[in-house]
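Colleague: Once you've had a glance at the structure underneath, I'll fire off some questions.
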Amino acid sequence: MNHKPSLTKERLLDEAKRFCEVFSLGNQTALIGVTDGKAVGTYVEHQFTEYLSRRYTLSVGNSAKGIDLPGKDIMTDIKVTSVTQPQSSCPFVDARQKIYGLGYNLLIFVYEKFDTEDSCTLHFTNCTYIDKTLTADYTTTKRLLEMLDDDANKEDIIAFLHDRNVPGDEITYSKLADEILTVRPKQGYLTISNALQWRLQYSRVIALDNRVPGVNNYVW
């Protein structure tokens with residue numbers, strides 16, 4: 001019986017890079033003429049999770065419910081986005097995510113799509129991994145850290161949360177302000193826009209070029 005090794009974070013990063021290189025060489029006929037970015041993303045996610053499943057023992061989630069790779073040592077959601085506008089949505093859980101991160105890692109595939117009548121090629125321009133500790137909103141955390149360094153009090157932080165339109169009511173703001181004063185946030189690197197779902201924008205993390213530990217970038 002062929003025993004498959006367990007998937008680790010290090011193996012995930014190596015396999016993501018290898019998958020990009022192999023997948024970019026193939027003719028993805030199922031995607032010829034497909035312009036819906038969500039359909040392209042779902043296709044790539046399924047191809048990648050199947051690729052991993054053939055090689056490793058891993059837990060695979062339902063992309064419609066929860067994260068794609070929910071194993072306790074992996075805890076990573078897969079995002080696939082076009083290079084023309086590298087962004088996607090994710091479920092809104094609570095306002096804390098904007099300040100303390102999403103609660104899971106992100107693996108982002110950024111592609112260019114080239115179609116002819118009988119072929120479709122997806123060329124991956126970037127593959128970026130973001131550790132969950134760095135998935136908060138860049139501007140919100142940057143300003144909060146500056147305020148903490150300037151000895152801001154609870155009322156200052158509540159006023160800032162109001163100004164930033166962080167989702168929540170007065171009770172939410174009061175609890176968040178207490179937590180921020182007790183547990184210093186880490187600098188985040190996503191741009192998270194408010195909506196019914198969080199809107200995640202990846203241009204900043206793609207441009208980091210491996211200068212921040214916890215953000216791994218592969219570029220082709």
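Ordering of the structure tokens sets the chain letters (A, B, ...); residue numbers start at 1 within each chain; ligands are numbered from 1 in the order shown.
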Give me the residues near region 115-123 of chain A as a PDB file with C-alpha atoms, in the first residue's frame, where near means some atom within 7 Å (using only C-alpha atoms) and where sequence neighbours in that chain fewer than 2 positions away do not count.

Modeller:
ATOM      1  CA  SER A  24       0.759  27.044 -17.403  1.00  0.00           C
ATOM      2  CA  GLY A  26      -1.333  22.833 -20.484  1.00  0.00           C
ATOM      3  CA  ASN A  27      -4.253  23.491 -22.821  1.00  0.00           C
ATOM      4  CA  GLN A  28      -7.240  24.131 -20.554  1.00  0.00           C
ATOM      5  CA  THR A  29      -9.951  23.449 -23.141  1.00  0.00           C
ATOM      6  CA  LEU A  31     -11.971  27.326 -20.096  1.00  0.00           C
ATOM      7  CA  ILE A  32     -12.008  28.346 -23.770  1.00  0.00           C
ATOM      8  CA  GLY A  33     -14.155  31.457 -24.052  1.00  0.00           C
ATOM      9  CA  TYR A 111      -3.152  34.576 -13.818  1.00  0.00           C
ATOM     10  CA  GLU A 112      -3.290  35.931 -17.351  1.00  0.00           C
ATOM     11  CA  LYS A 113      -5.669  34.107 -19.722  1.00  0.00           C
ATOM     12  CA  THR A 125       2.227  35.750 -13.124  1.00  0.00           C
TER      13      THR A 125
END

Colleague: Show me a table, sorted first by chain and then by increasing residue number, of the residues of region 82-185 of chain A having an atom at most 7 Å from region 200-214 of chain A, each with its shortest atom pair and the distance in Å to one decimal, counting only C-alpha atoms and written as a Markdown table.

Modeller:
| residue | atom | partner | partner_atom | distance |
| --- | --- | --- | --- | --- |
| A:Pro86 | CA | A:Tyr202 | CA | 5.6 |
| A:Gln87 | CA | A:Gln201 | CA | 4.2 |
| A:Ser88 | CA | A:Leu200 | CA | 5.4 |
| A:Ser89 | CA | A:Leu200 | CA | 5.7 |
| A:Thr128 | CA | A:Ile206 | CA | 6.6 |
| A:Ile130 | CA | A:Gly214 | CA | 6.0 |
| A:Asp131 | CA | A:Gly214 | CA | 5.1 |

Colleague: Go ahead and save the residues from that selection, with C-alpha atoms, as a PDB file, in the first residue's frame.

Modeller:
ATOM      1  CA  PRO A  86      -6.053  41.068  -8.306  1.00  0.00           C
ATOM      2  CA  GLN A  87      -8.861  40.833  -5.773  1.00  0.00           C
ATOM      3  CA  SER A  88     -11.532  38.468  -4.487  1.00  0.00           C
ATOM      4  CA  SER A  89     -14.157  38.215  -1.790  1.00  0.00           C
ATOM      5  CA  THR A 128       1.657  34.479  -3.166  1.00  0.00           C
ATOM      6  CA  ILE A 130       0.207  35.162   3.192  1.00  0.00           C
ATOM      7  CA  ASP A 131       0.489  33.927   6.747  1.00  0.00           C
TER       8      ASP A 131
END

Colleague: Based on DSSP run over this structure's backbone, return all residues of chain A in alpha helix (DSSP H), as a PyMOL selection string.

Modeller: chain A and resi 9-23+37-55+97-100+138-149+154-163+170-182+203-206

Colleague: Give me the residues of region 24-112 of chain A that have any atom at most 12 Å from an atom of region 168-183 of chain A; for each, the nearest atom pair and the distance in Å, rounded to one decimal. Use only C-alpha atoms, sort by chain and number, and format it as JSON lines.

Modeller:
{"residue": "A:Phe92", "atom": "CA", "partner": "A:Gly168", "partner_atom": "CA", "distance": 11.9}
{"residue": "A:Val93", "atom": "CA", "partner": "A:Gly168", "partner_atom": "CA", "distance": 11.6}
{"residue": "A:Asp94", "atom": "CA", "partner": "A:Gly168", "partner_atom": "CA", "distance": 8.3}
{"residue": "A:Ala95", "atom": "CA", "partner": "A:Gly168", "partner_atom": "CA", "distance": 6.7}
{"residue": "A:Arg96", "atom": "CA", "partner": "A:Leu176", "partner_atom": "CA", "distance": 7.2}
{"residue": "A:Gln97", "atom": "CA", "partner": "A:Leu176", "partner_atom": "CA", "distance": 10.9}
{"residue": "A:Lys98", "atom": "CA", "partner": "A:Leu176", "partner_atom": "CA", "distance": 10.9}
{"residue": "A:Ile99", "atom": "CA", "partner": "A:Ile180", "partner_atom": "CA", "distance": 8.6}
{"residue": "A:Tyr100", "atom": "CA", "partner": "A:Ile180", "partner_atom": "CA", "distance": 9.2}

Colleague: Just the residues within 7 Å of Leu107 (chain A), please, counting only C-alpha atoms, with nothing from its chain fewer than 4 positions along; format it as a list in words.

Modeller: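 My reading of the contact set: Thr76, Asp77, Ile78, Lys79, Thr128, Tyr129 and Ile130 of chain A.
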